[in-house]
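Reproduced below: input22.pdb, with PDB, C-alpha atoms.
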```
ATOM      1  CA  MET M 756      16.086  27.074 -49.592
ATOM      2  CA  GLY M 757      14.132  27.650 -46.477
ATOM      3  CA  VAL M 758      15.373  27.904 -42.941
ATOM      4  CA  PRO M 759      17.749  25.025 -42.201
ATOM      5  CA  GLY M 760      16.548  22.440 -39.726
ATOM      6  CA  PRO M 761      18.545  21.636 -36.624
ATOM      7  CA  TYR M 762      20.400  18.724 -38.285
ATOM      8  CA  THR M 763      21.223  20.247 -41.708
ATOM      9  CA  GLY M 764      24.915  20.961 -41.904
ATOM     10  CA  SER M 765      27.469  22.068 -39.366
ATOM     11  CA  MET M 766      25.631  25.298 -38.539
ATOM     12  CA  GLY M 767      22.592  23.204 -37.794
ATOM     13  CA  ALA M 768      24.631  21.009 -35.462
ATOM     14  CA  ALA M 769      25.909  24.080 -33.630
ATOM     15  CA  ARG M 770      22.418  25.514 -33.474
ATOM     16  CA  SER M 771      21.057  22.310 -31.878
ATOM     17  CA  LEU M 772      23.212  23.042 -28.832
ATOM     18  CA  HIS M 773      21.533  26.422 -28.356
ATOM     19  CA  VAL M 774      17.950  25.613 -29.382
ATOM     20  CA  PRO M 775      17.090  22.245 -27.867
ATOM     21  CA  PRO M 776      14.338  20.290 -29.602
ATOM     22  CA  ALA M 777      11.180  19.317 -27.725
ATOM     23  CA  GLU M 778      12.167  17.752 -24.400
ATOM     24  CA  PRO M 779      12.269  13.943 -24.765
ATOM     25  CA  THR M 780      10.528  11.827 -22.131
ATOM     26  CA  PRO M 781      13.024  11.097 -19.358
ATOM     27  CA  LEU M 782      14.202   7.493 -19.160
ATOM     28  CA  HIS M 783      13.082   6.957 -15.585
ATOM     29  CA  SER M 784       9.508   7.957 -16.450
ATOM     30  CA  HIS M 785       9.465   5.140 -19.058
ATOM     31  CA  ALA M 786      10.623   2.736 -16.350
ATOM     32  CA  LEU M 787       7.973   4.095 -13.963
ATOM     33  CA  ASP M 788       5.359   3.684 -16.681
ATOM     34  CA  HIS M 789       6.365   0.018 -17.167
ATOM     35  CA  LEU M 790       6.231  -0.631 -13.418
ATOM     36  CA  ARG M 791       2.802   1.031 -13.213
ATOM     37  CA  PHE M 792       1.577  -1.127 -16.111
ATOM     38  CA  ILE M 793       2.793  -4.318 -14.360
ATOM     39  CA  ARG M 794       1.092  -3.305 -11.105
ATOM     40  CA  GLU M 795      -2.219  -2.422 -12.805
ATOM     41  CA  THR M 796      -2.234  -5.651 -14.833
ATOM     42  CA  MET M 797      -1.565  -7.674 -11.679
ATOM     43  CA  GLU M 798      -4.378  -5.868  -9.851
ATOM     44  CA  ARG M 799      -6.838  -6.480 -12.681
ATOM     45  CA  ALA M 800      -5.757 -10.123 -12.889
ATOM     46  CA  THR M 801      -6.172 -10.518  -9.115
ATOM     47  CA  ALA M 802      -9.737  -9.201  -9.340
ATOM     48  CA  PHE M 803     -10.446 -12.106 -11.647
ATOM     49  CA  THR M 804      -9.992 -14.731  -9.004
ATOM     50  CA  ALA M 805      -9.682 -12.932  -5.665
ATOM     51  CA  ILE M 806     -12.714 -14.751  -4.228
ATOM     52  CA  SER M 807     -11.808 -18.150  -2.838
ATOM     53  CA  GLY M 808     -13.971 -20.953  -4.236
ATOM     54  CA  TRP M 809     -12.939 -23.317  -1.424
ATOM     55  CA  GLY M 810     -13.931 -20.638   1.098
ATOM     56  CA  LEU M 811     -17.404 -20.309  -0.463
ATOM     57  CA  LEU M 812     -17.778 -24.083  -0.493
ATOM     58  CA  ALA M 813     -16.955 -24.245   3.233
ATOM     59  CA  VAL M 814     -19.409 -21.398   3.925
ATOM     60  CA  GLY M 815     -22.092 -23.355   2.050
ATOM     61  CA  LEU M 816     -21.498 -26.452   4.165
ATOM     62  CA  THR M 817     -21.717 -24.510   7.454
ATOM     63  CA  ALA M 818     -24.907 -22.822   6.158
ATOM     64  CA  LEU M 819     -26.461 -26.229   5.444
ATOM     65  CA  ALA M 820     -25.631 -27.255   9.024
ATOM     66  CA  ALA M 821     -27.119 -23.988  10.329
ATOM     67  CA  ALA M 822     -30.313 -24.535   8.287
ATOM     68  CA  ARG M 823     -30.634 -28.031   9.780
ATOM     69  CA  LEU M 824     -30.048 -26.693  13.312
ATOM     70  CA  ALA M 825     -32.355 -23.679  12.983
ATOM     71  CA  CYS M 826     -35.378 -25.445  11.519
ATOM     72  CA  SER M 827     -38.306 -25.743  13.956
ATOM     73  CA  GLN M 828     -36.495 -23.665  16.609
ATOM     74  CA  PRO M 829     -38.278 -20.773  18.377
ATOM     75  CA  ARG M 830     -37.658 -17.457  16.602
ATOM     76  CA  PRO M 831     -35.072 -15.899  19.010
ATOM     77  CA  LEU M 832     -32.944 -19.068  18.863
ATOM     78  CA  TRP M 833     -33.466 -19.309  15.075
ATOM     79  CA  LEU M 834     -32.178 -15.734  14.768
ATOM     80  CA  ALA M 835     -29.176 -16.424  17.026
ATOM     81  CA  ILE M 836     -28.193 -19.482  14.952
ATOM     82  CA  TRP M 837     -28.310 -17.565  11.670
ATOM     83  CA  LEU M 838     -26.462 -14.556  13.094
ATOM     84  CA  GLY M 839     -23.784 -16.943  14.414
ATOM     85  CA  GLU M 840     -23.606 -18.569  10.981
ATOM     86  CA  GLY M 841     -23.158 -15.112   9.428
ATOM     87  CA  LEU M 842     -20.177 -14.448  11.695
ATOM     88  CA  ILE M 843     -18.624 -17.892  10.998
ATOM     89  CA  ALA M 844     -19.136 -17.406   7.243
ATOM     90  CA  PHE M 845     -17.467 -13.993   7.389
ATOM     91  CA  LEU M 846     -14.424 -15.448   9.193
ATOM     92  CA  ILE M 847     -14.132 -18.449   6.832
ATOM     93  CA  ALA M 848     -14.464 -16.334   3.674
ATOM     94  CA  GLY M 849     -11.966 -13.762   5.007
ATOM     95  CA  ALA M 850      -9.361 -16.395   5.936
ATOM     96  CA  ALA M 851      -9.796 -18.244   2.618
ATOM     97  CA  THR M 852      -9.398 -15.030   0.594
ATOM     98  CA  VAL M 853      -6.215 -14.093   2.487
ATOM     99  CA  ARG M 854      -4.865 -17.634   1.938
ATOM    100  CA  LYS M 855      -5.625 -17.540  -1.775
ATOM    101  CA  ALA M 856      -3.972 -14.125  -2.153
ATOM    102  CA  ARG M 857      -0.855 -15.364  -0.313
ATOM    103  CA  LEU M 858      -0.644 -18.520  -2.421
ATOM    104  CA  SER M 859      -0.751 -16.487  -5.620
ATOM    105  CA  LYS M 860       1.644 -13.885  -4.103
ATOM    106  CA  ALA M 861      -0.907 -11.117  -4.641
ATOM    107  CA  PRO M 862      -1.616  -8.278  -2.200
ATOM    108  CA  VAL M 863      -4.741  -8.924  -0.075
ATOM    109  CA  PHE M 864      -5.801  -5.282   0.013
ATOM    110  CA  SER M 865      -5.226  -4.496  -3.636
ATOM    111  CA  MET M 866      -7.421  -1.926  -5.377
ATOM    112  CA  PRO M 867      -9.926  -4.583  -6.603
ATOM    113  CA  GLY M 868     -10.101  -6.027  -3.075
ATOM    114  CA  LYS M 869     -10.874  -2.590  -1.636
ATOM    115  CA  ARG M 870     -13.426  -1.974  -4.399
ATOM    116  CA  PHE M 871     -15.156  -5.261  -3.583
ATOM    117  CA  ALA M 872     -15.220  -4.462   0.159
ATOM    118  CA  LEU M 873     -16.572  -0.941  -0.449
ATOM    119  CA  SER M 874     -19.355  -2.244  -2.712
ATOM    120  CA  PHE M 875     -20.204  -5.210  -0.495
ATOM    121  CA  ALA M 876     -20.236  -3.384   2.869
ATOM    122  CA  PRO M 877     -23.194  -0.926   2.402
ATOM    123  CA  PRO M 878     -25.869  -3.610   1.697
ATOM    124  CA  MET M 879     -24.535  -5.603   4.658
ATOM    125  CA  LEU M 880     -24.812  -2.549   6.916
ATOM    126  CA  VAL M 881     -28.374  -1.924   5.706
ATOM    127  CA  GLY M 882     -29.134  -5.614   6.325
ATOM    128  CA  GLY M 883     -27.923  -5.296   9.927
ATOM    129  CA  LEU M 884     -30.057  -2.197  10.593
ATOM    130  CA  LEU M 885     -33.175  -3.671   8.969
ATOM    131  CA  THR M 886     -32.706  -6.910  10.949
ATOM    132  CA  MET M 887     -32.777  -4.883  14.189
ATOM    133  CA  ALA M 888     -35.819  -2.875  13.079
ATOM    134  CA  LEU M 889     -37.823  -5.895  11.861
ATOM    135  CA  CYS M 890     -36.998  -7.929  15.000
ATOM    136  CA  ARG M 891     -38.346  -5.083  17.162
ATOM    137  CA  LYS M 892     -41.608  -5.255  15.244
ATOM    138  CA  GLY M 893     -41.609  -9.052  15.467
ATOM    139  CA  ALA M 894     -41.626  -9.352  11.658
ATOM    140  CA  TYR M 895     -39.253 -12.347  11.629
ATOM    141  CA  SER M 896     -40.846 -13.855   8.531
ATOM    142  CA  LEU M 897     -39.497 -10.971   6.407
ATOM    143  CA  LEU M 898     -35.884 -11.596   7.468
ATOM    144  CA  PRO M 899     -34.927 -14.456   5.065
ATOM    145  CA  GLY M 900     -36.124 -12.587   1.957
ATOM    146  CA  MET M 901     -34.452  -9.355   3.078
ATOM    147  CA  TRP M 902     -31.144 -11.096   3.915
ATOM    148  CA  LEU M 903     -31.032 -12.938   0.586
ATOM    149  CA  LEU M 904     -31.897  -9.822  -1.433
ATOM    150  CA  LEU M 905     -29.279  -7.636   0.264
ATOM    151  CA  TYR M 906     -26.574 -10.312   0.251
ATOM    152  CA  GLY M 907     -27.242 -10.877  -3.454
ATOM    153  CA  THR M 908     -27.054  -7.122  -4.082
ATOM    154  CA  GLY M 909     -23.674  -6.951  -2.328
ATOM    155  CA  ILE M 910     -22.306  -9.846  -4.402
ATOM    156  CA  VAL M 911     -23.605  -8.370  -7.681
ATOM    157  CA  THR M 912     -22.150  -4.894  -7.052
ATOM    158  CA  GLY M 913     -18.921  -6.146  -5.442
ATOM    159  CA  GLY M 914     -18.396  -8.753  -8.143
ATOM    160  CA  ALA M 915     -19.097  -6.423 -11.051
ATOM    161  CA  PHE M 916     -15.373  -6.343 -11.917
ATOM    162  CA  SER M 917     -14.762 -10.021 -11.243
ATOM    163  CA  VAL M 918     -15.349 -13.111 -13.356
ATOM    164  CA  ARG M 919     -18.933 -13.372 -14.615
ATOM    165  CA  VAL M 920     -19.724 -16.281 -12.307
ATOM    166  CA  VAL M 921     -19.604 -13.970  -9.242
ATOM    167  CA  PRO M 922     -22.364 -11.493 -10.248
ATOM    168  CA  VAL M 923     -24.383 -14.454 -11.590
ATOM    169  CA  MET M 924     -24.203 -16.003  -8.117
ATOM    170  CA  GLY M 925     -25.417 -12.678  -6.674
ATOM    171  CA  MET M 926     -28.374 -12.626  -9.047
ATOM    172  CA  CYS M 927     -29.336 -16.162  -8.011
ATOM    173  CA  PHE M 928     -29.368 -14.997  -4.369
ATOM    174  CA  MET M 929     -31.585 -12.059  -5.324
ATOM    175  CA  ALA M 930     -33.990 -14.359  -7.196
ATOM    176  CA  LEU M 931     -34.281 -16.686  -4.199
ATOM    177  CA  GLY M 932     -34.704 -13.620  -1.947
ATOM    178  CA  ALA M 933     -37.633 -12.433  -4.044
ATOM    179  CA  ALA M 934     -39.094 -15.951  -3.878
ATOM    180  CA  ALA M 935     -38.697 -15.962  -0.067
ATOM    181  CA  LEU M 936     -40.682 -12.711   0.226
ATOM    182  CA  LEU M 937     -43.547 -14.054  -1.889
ATOM    183  CA  ALA M 938     -43.567 -17.768  -1.037
ATOM    184  CA  PRO M 939     -45.568 -19.347   1.820
ATOM    185  CA  PRO M 940     -43.739 -19.449   5.213
ATOM    186  CA  SER M 941     -43.280 -23.237   4.996
ATOM    187  CA  TRP M 942     -40.795 -22.738   2.136
ATOM    188  CA  GLU M 943     -38.527 -20.552   4.245
ATOM    189  CA  VAL M 944     -36.273 -23.364   5.563
ATOM    190  CA  TRP M 945     -35.737 -24.823   2.096
ATOM    191  CA  LEU M 946     -35.077 -21.474   0.468
ATOM    192  CA  MET M 947     -32.475 -20.558   3.141
ATOM    193  CA  ALA M 948     -30.791 -23.962   2.777
ATOM    194  CA  CYS M 949     -30.849 -23.794  -1.037
ATOM    195  CA  ALA M 950     -29.479 -20.224  -1.110
ATOM    196  CA  PHE M 951     -26.891 -19.937   1.665
ATOM    197  CA  GLY M 952     -26.048 -23.642   1.476
ATOM    198  CA  GLY M 953     -26.639 -24.813  -2.100
ATOM    199  CA  LEU M 954     -25.608 -21.703  -4.045
ATOM    200  CA  HIS M 955     -22.385 -21.293  -2.045
ATOM    201  CA  VAL M 956     -21.459 -24.959  -2.533
ATOM    202  CA  ILE M 957     -22.205 -24.958  -6.294
ATOM    203  CA  PHE M 958     -20.588 -21.613  -7.151
ATOM    204  CA  GLY M 959     -17.702 -22.252  -4.728
ATOM    205  CA  ALA M 960     -16.924 -25.528  -6.524
ATOM    206  CA  VAL M 961     -17.094 -23.798  -9.936
ATOM    207  CA  ILE M 962     -14.750 -20.967  -8.845
ATOM    208  CA  ALA M 963     -12.328 -23.399  -7.133
ATOM    209  CA  ARG M 964     -12.157 -25.610 -10.212
ATOM    210  CA  ARG M 965     -11.918 -22.911 -12.858
ATOM    211  CA  TYR M 966     -10.068 -20.099 -11.103
ATOM    212  CA  GLY M 967      -7.275 -21.656  -9.127
ATOM    213  CA  GLY M 968      -8.774 -22.375  -5.698
TER     214      GLY M 968
ATOM    215  CA  MET J1014      29.435  10.173 -38.852
ATOM    216  CA  ALA J1015      30.300  13.392 -37.136
ATOM    217  CA  ARG J1016      26.844  14.653 -37.984
ATOM    218  CA  THR J1017      25.201  11.660 -36.289
ATOM    219  CA  GLY J1018      27.202  12.328 -33.166
ATOM    220  CA  ALA J1019      26.191  15.952 -33.124
ATOM    221  CA  ALA J1020      22.550  15.105 -33.759
ATOM    222  CA  THR J1021      22.260  12.640 -30.870
ATOM    223  CA  PRO J1022      20.235  14.402 -28.179
ATOM    224  CA  LEU J1023      22.092  14.798 -24.927
ATOM    225  CA  SER J1024      19.292  13.102 -22.989
ATOM    226  CA  ALA J1025      19.562  10.007 -25.214
ATOM    227  CA  ARG J1026      23.258   9.808 -24.490
ATOM    228  CA  GLY J1027      22.402  10.154 -20.802
ATOM    229  CA  SER J1028      19.875   7.343 -21.201
ATOM    230  CA  ARG J1029      22.484   5.047 -22.671
ATOM    231  CA  ALA J1030      24.853   5.923 -19.860
ATOM    232  CA  ALA J1031      22.123   5.149 -17.306
ATOM    233  CA  HIS J1032      21.384   1.833 -19.042
ATOM    234  CA  ALA J1033      25.096   0.974 -19.064
ATOM    235  CA  SER J1034      25.444   1.872 -15.399
ATOM    236  CA  VAL J1035      22.347  -0.186 -14.489
ATOM    237  CA  GLU J1036      23.581  -3.150 -16.488
ATOM    238  CA  ALA J1037      26.982  -2.907 -14.825
ATOM    239  CA  ARG J1038      25.326  -2.883 -11.407
ATOM    240  CA  SER J1039      22.826  -5.665 -12.145
ATOM    241  CA  GLY J1040      25.451  -8.170 -13.221
ATOM    242  CA  ALA J1041      25.796  -6.924 -16.823
ATOM    243  CA  ARG J1042      22.408  -8.321 -17.794
ATOM    244  CA  ALA J1043      20.860  -6.777 -20.877
ATOM    245  CA  LEU J1044      17.230  -5.666 -20.799
ATOM    246  CA  ASP J1045      14.998  -8.661 -21.516
ATOM    247  CA  ARG J1046      13.504  -7.527 -24.827
ATOM    248  CA  LEU J1047      11.195 -10.519 -24.861
ATOM    249  CA  ILE J1048       9.080  -9.300 -21.960
ATOM    250  CA  HIS J1049       9.797  -5.604 -22.545
ATOM    251  CA  GLU J1050       7.015  -5.637 -25.181
ATOM    252  CA  ARG J1051       3.681  -4.483 -23.657
ATOM    253  CA  MET J1052       1.487  -7.459 -24.528
ATOM    254  CA  ARG J1053       4.061 -10.027 -23.403
ATOM    255  CA  LEU J1054       4.713  -8.046 -20.218
ATOM    256  CA  GLY J1055       0.943  -8.073 -19.604
ATOM    257  CA  ILE J1056       0.712 -11.844 -20.086
ATOM    258  CA  VAL J1057       3.605 -12.518 -17.716
ATOM    259  CA  SER J1058       2.273 -10.046 -15.089
ATOM    260  CA  ALA J1059      -1.235 -11.534 -15.164
ATOM    261  CA  LEU J1060       0.104 -15.074 -14.843
ATOM    262  CA  ALA J1061       2.377 -14.041 -11.958
ATOM    263  CA  VAL J1062      -0.673 -13.553  -9.703
ATOM    264  CA  ASN J1063      -2.724 -16.523 -10.971
ATOM    265  CA  ALA J1064      -1.814 -20.200 -10.863
ATOM    266  CA  LYS J1065      -3.288 -20.514 -14.374
ATOM    267  CA  LEU J1066      -5.429 -18.494 -16.783
ATOM    268  CA  SER J1067      -7.348 -19.616 -19.828
ATOM    269  CA  PHE J1068      -6.803 -18.093 -23.276
ATOM    270  CA  ASN J1069     -10.196 -16.364 -23.060
ATOM    271  CA  ASP J1070      -9.524 -14.927 -19.587
ATOM    272  CA  LEU J1071      -6.196 -13.522 -20.753
ATOM    273  CA  LYS J1072      -7.805 -12.093 -23.887
ATOM    274  CA  LYS J1073     -10.493 -10.346 -21.830
ATOM    275  CA  LEU J1074      -8.009  -9.156 -19.232
ATOM    276  CA  LEU J1075      -5.550  -7.676 -21.728
ATOM    277  CA  ARG J1076      -8.323  -6.419 -24.034
ATOM    278  CA  THR J1077      -6.761  -7.884 -27.157
ATOM    279  CA  THR J1078      -7.604 -10.100 -30.119
ATOM    280  CA  ASP J1079      -7.196 -13.872 -30.552
ATOM    281  CA  GLY J1080      -4.425 -13.458 -33.146
ATOM    282  CA  ASN J1081      -2.417 -10.909 -31.188
ATOM    283  CA  LEU J1082      -2.580 -12.907 -27.960
ATOM    284  CA  SER J1083      -1.660 -16.215 -29.577
ATOM    285  CA  VAL J1084       1.368 -14.696 -31.391
ATOM    286  CA  HIS J1085       2.790 -13.187 -28.192
ATOM    287  CA  ALA J1086       1.911 -16.189 -26.021
ATOM    288  CA  ARG J1087       3.727 -18.467 -28.488
ATOM    289  CA  LYS J1088       6.879 -16.328 -28.260
ATOM    290  CA  LEU J1089       6.802 -16.606 -24.470
ATOM    291  CA  GLU J1090       6.169 -20.341 -24.740
ATOM    292  CA  GLU J1091       9.139 -20.788 -27.108
ATOM    293  CA  ALA J1092      11.354 -18.956 -24.610
ATOM    294  CA  GLY J1093      10.155 -21.291 -21.842
ATOM    295  CA  TYR J1094       8.558 -18.414 -19.875
ATOM    296  CA  VAL J1095       5.016 -19.814 -20.006
ATOM    297  CA  ALA J1096       3.672 -23.345 -20.257
ATOM    298  CA  CYS J1097       0.615 -24.033 -22.350
ATOM    299  CA  ALA J1098      -1.858 -26.898 -21.880
ATOM    300  CA  LYS J1099      -4.526 -27.740 -24.438
ATOM    301  CA  TYR J1100      -7.489 -29.941 -23.624
ATOM    302  CA  PHE J1101     -11.149 -30.498 -24.446
ATOM    303  CA  ALA J1102     -13.961 -29.421 -22.114
ATOM    304  CA  GLY J1103     -16.741 -31.508 -23.611
ATOM    305  CA  ARG J1104     -16.415 -30.693 -27.315
ATOM    306  CA  LEU J1105     -14.820 -27.285 -26.858
ATOM    307  CA  PRO J1106     -11.037 -26.952 -27.157
ATOM    308  CA  LYS J1107      -9.504 -25.033 -24.235
ATOM    309  CA  THR J1108      -6.059 -23.510 -23.845
ATOM    310  CA  GLU J1109      -4.598 -22.743 -20.451
ATOM    311  CA  TYR J1110      -1.396 -20.888 -19.601
ATOM    312  CA  ARG J1111       0.764 -20.880 -16.513
ATOM    313  CA  LEU J1112       4.008 -19.092 -15.681
ATOM    314  CA  THR J1113       7.103 -21.287 -15.473
ATOM    315  CA  ALA J1114       9.874 -20.829 -12.895
ATOM    316  CA  GLU J1115      12.043 -19.349 -15.670
ATOM    317  CA  GLY J1116       9.245 -16.896 -16.550
ATOM    318  CA  ARG J1117       8.910 -15.787 -12.914
ATOM    319  CA  ARG J1118      12.673 -15.255 -12.691
ATOM    320  CA  ALA J1119      12.569 -13.238 -15.936
ATOM    321  CA  LEU J1120       9.835 -10.984 -14.516
ATOM    322  CA  GLU J1121      11.797 -10.507 -11.288
ATOM    323  CA  ARG J1122      14.935  -9.623 -13.265
ATOM    324  CA  TYR J1123      12.905  -7.182 -15.367
ATOM    325  CA  LEU J1124      11.450  -5.521 -12.243
ATOM    326  CA  ASP J1125      14.950  -5.254 -10.738
ATOM    327  CA  HIS J1126      16.175  -3.718 -13.976
ATOM    328  CA  MET J1127      13.418  -1.089 -14.056
ATOM    329  CA  GLU J1128      13.927  -0.219 -10.373
ATOM    330  CA  ALA J1129      17.682   0.056 -10.852
ATOM    331  CA  LEU J1130      17.098   2.284 -13.859
ATOM    332  CA  ILE J1131      14.950   4.660 -11.808
ATOM    333  CA  ARG J1132      17.536   4.713  -9.000
ATOM    334  CA  ALA J1133      20.410   5.319 -11.423
ATOM    335  CA  THR J1134      18.598   8.172 -13.179
ATOM    336  CA  ARG J1135      17.643   9.832  -9.899
ATOM    337  CA  GLU J1136      21.126   9.471  -8.428
ATOM    338  CA  GLY J1137      22.767  10.566 -11.675
TER     339      GLY J1137
END
```

So that I can check it, write out the structure of this file as structure tokens.
Amino acid sequence: MGVPGPYTGSMGAARSLHVPPAEPTPLHSHALDHLRFIRETMERATAFTAISGWGLLAVGLTALAAARLACSQPRPLWLAIWLGEGLIAFLIAGAATVRKARLSKAPVFSMPGKRFALSFAPPMLVGGLLTMALCRKGAYSLLPGMWLLLYGTGIVTGGAFSVRVVPVMGMCFMALGAAALLAPPSWEVWLMACAFGGLHVIFGAVIARRYGG
Amino acid sequence: MARTGAATPLSARGSRAAHASVEARSGARALDRLIHERMRLGIVSALAVNAKLSFNDLKKLLRTTDGNLSVHARKLEEAGYVACAKYFAGRLPKTEYRLTAEGRRALERYLDHMEALIRATREG
């Protein structure tokens, strides 16, 4: 007979008091593990639908109004209208996202939310700087293509962890941005209206209908 | 019998004591085994932050198979924790789940239980 194990006979029982077996996982760490799992699942699930479809739809409608207002205006006024629309869109989308998070009792600044903001912000910053530089040179005709390309890039990278419809929307913006750079200047108004207006309305309606608002 | 008693690790006995103390403090409620299981806990947690989720969304989110998800979802449905709606989108059958009020209460009780367990172990 070999060396008795810790549970073989009375000597074994006595021995188990002196030579403890491998330390079992403490109970509270199991509980912590379960809580961590719940939090991570909720965060992943929030990323699925964090973007408010109704918010995008509203942004699309204001963009259509801006496109109508800006067409045939002199360039400085045209620029002011679109920059104002950008600010309004930012406020609408922000408020709608906060509302959607509150309705579903999810944290607004969850990890997916932060990830989206961190991926979306750099192209927007670049867009702001390039807008200033191109306006100084008077190259206004390059602005629509550049805005659409960078906005699309931000949506694609920010929405990489979201439902597939979000990066698809970003790619549509990038495609229209490329078209705006290559198309004749007379197409500019229609491309801006189709992209910032049409795409937001269509994808906003899809997200609102399929992903709870 | 005596051998079993001697073989029970001290930490396991401590665990039982912590469980008993937590259950005494939380109104003598036993741990909800139904949502203690990982997959079912995942389903309930995901539905807690979404008004509704489709079968495919849940499957992708929890990285599981059709069979596994449908077995666990049915158990939750039988307990009244989730409600299931089936419909046709064109010719494709769709299944959608939402958390019921009873399911939300069960998750809250489970969270309370886990938090109480951590407190009890730390205090003890």

Selected residue, from M:Met929, M:Leu842, M:Ala800, M:Ala872, that lies nearest to chain J when counting all atoms listed in the file =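 So, comparing all the options, the nearest one is M:Ala800.
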
Name the residues in contact with Ile1056 of chain J at a cut-off of 10 Å, using all atoms listed in the file, excluding same-chain residues fewer than 6 positions from it; report them as number ranges by chain.
-> M: 793, 796-797, 800; J: 1048, 1066, 1071-1072, 1074-1075, 1082, 1085-1086, 1089, 1095, 1110-1112

Pairwise distance for atom CA of Arg1104 of chain J and atom CA of Lys1073 of chain J, rounded to one decimal in Å |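 Interatomic distance here is 21.9 Å.
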
At a cut-off of 8 Å, list the chain J residues touching chain M, using only C-alpha atoms, as a PyMOL selection string.
-> chain J and resi 1016+1019-1020+1024+1028+1054-1055+1058-1066+1074-1075+1124+1127-1128+1130-1131+1134-1135

Please measure the separation of atom CA of Ala1092 of chain J and atom CA of Leu1105 of chain J, giving the value in Å to one decimal.
->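 Those two atoms sit 27.6 Å apart.
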
Report the residues retrieved by the PyMOL selection byres ((chain J and resi 1094) around 9) from the displayed file, expressed as a PyMOL selection string.
-> chain J and resi 1057+1088-1093+1095-1096+1111-1119

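The space separating atom CA of Val881 of chain M from atom CA of Ala963 of chain M comes to 29.7 Å.
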
Restricting the calculation to all atoms listed in the file, which member of J:Ser1067, J:Leu1120, J:Arg1087, J:His1126 is positioned closest to Thr1108 of chain J?
->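 Of J:Ser1067, J:Leu1120, J:Arg1087, J:His1126, the one nearest Thr1108 of chain J, counting all atoms listed in the file, is J:Ser1067.
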
Of the candidates J:His1049, J:Lys1099, J:Arg1122, J:Lys1107, which shows the shortest atom-to-atom distance to Asp1070 of chain J, using only C-alpha atoms?
-> J:Lys1107

Write out as a PyMOL selection string each polymer residue whose atoms come within 12 Å of Leu889 of chain M, counting all atoms listed in the file; drop sequence neighbours fewer than 6 positions from it.
-> chain M and resi 834+881-883+895-899+901-902

Selected residues, C-alpha atoms, written as an mmCIF file, keeping the file's coordinate frame, please.
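Done, and the output landed in part06.cif:
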```cif
data_model
loop_
_atom_site.group_PDB
_atom_site.id
_atom_site.type_symbol
_atom_site.label_atom_id
_atom_site.label_comp_id
_atom_site.auth_asym_id
_atom_site.auth_seq_id
_atom_site.Cartn_x
_atom_site.Cartn_y
_atom_site.Cartn_z
ATOM 1 C CA LEU M 834 -32.178 -15.734 14.768
ATOM 2 C CA VAL M 881 -28.374 -1.924 5.706
ATOM 3 C CA GLY M 882 -29.134 -5.614 6.325
ATOM 4 C CA GLY M 883 -27.923 -5.296 9.927
ATOM 5 C CA TYR M 895 -39.253 -12.347 11.629
ATOM 6 C CA SER M 896 -40.846 -13.855 8.531
ATOM 7 C CA LEU M 897 -39.497 -10.971 6.407
ATOM 8 C CA LEU M 898 -35.884 -11.596 7.468
ATOM 9 C CA PRO M 899 -34.927 -14.456 5.065
ATOM 10 C CA MET M 901 -34.452 -9.355 3.078
ATOM 11 C CA TRP M 902 -31.144 -11.096 3.915
#
```

Which residues come within 8 Å of Ala850 of chain M, counting only C-alpha atoms, excluding same-chain residues fewer than 4 positions away, as a list in words?
->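 Residues meeting the cut-off are Gly810, Leu846 and Arg854 of chain M.
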
Can segment 1090-1099 of chain J be brought up to N, CA and C atoms and written out as an mmCIF file, keeping the file's coordinate frame?
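Here's the written file rebuild_27.cif:
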```
data_model
loop_
_atom_site.group_PDB
_atom_site.id
_atom_site.type_symbol
_atom_site.label_atom_id
_atom_site.label_comp_id
_atom_site.auth_asym_id
_atom_site.auth_seq_id
_atom_site.Cartn_x
_atom_site.Cartn_y
_atom_site.Cartn_z
ATOM 1 N N GLU J 1090 6.117 -18.884 -24.896
ATOM 2 C CA GLU J 1090 6.169 -20.341 -24.740
ATOM 3 C C GLU J 1090 7.489 -20.873 -25.314
ATOM 4 N N GLU J 1091 7.886 -20.340 -26.482
ATOM 5 C CA GLU J 1091 9.139 -20.788 -27.108
ATOM 6 C C GLU J 1091 10.351 -20.457 -26.237
ATOM 7 N N ALA J 1092 10.238 -19.344 -25.479
ATOM 8 C CA ALA J 1092 11.354 -18.956 -24.610
ATOM 9 C C ALA J 1092 11.325 -19.733 -23.297
ATOM 10 N N GLY J 1093 10.265 -20.514 -23.084
ATOM 11 C CA GLY J 1093 10.155 -21.291 -21.842
ATOM 12 C C GLY J 1093 9.644 -20.467 -20.674
ATOM 13 N N TYR J 1094 9.069 -19.269 -20.952
ATOM 14 C CA TYR J 1094 8.558 -18.414 -19.875
ATOM 15 C C TYR J 1094 7.144 -18.816 -19.447
ATOM 16 N N VAL J 1095 6.349 -19.326 -20.372
ATOM 17 C CA VAL J 1095 5.016 -19.814 -20.006
ATOM 18 C C VAL J 1095 4.834 -21.235 -20.532
ATOM 19 N N ALA J 1096 4.001 -21.980 -19.808
ATOM 20 C CA ALA J 1096 3.672 -23.345 -20.257
ATOM 21 C C ALA J 1096 2.222 -23.337 -20.707
ATOM 22 N N CYS J 1097 1.956 -24.051 -21.775
ATOM 23 C CA CYS J 1097 0.615 -24.033 -22.350
ATOM 24 C C CYS J 1097 0.037 -25.448 -22.327
ATOM 25 N N ALA J 1098 -1.210 -25.576 -21.879
ATOM 26 C CA ALA J 1098 -1.858 -26.898 -21.880
ATOM 27 C C ALA J 1098 -3.129 -26.805 -22.700
ATOM 28 N N LYS J 1099 -3.309 -27.726 -23.617
ATOM 29 C CA LYS J 1099 -4.526 -27.740 -24.438
ATOM 30 C C LYS J 1099 -5.326 -28.980 -24.092
#
```
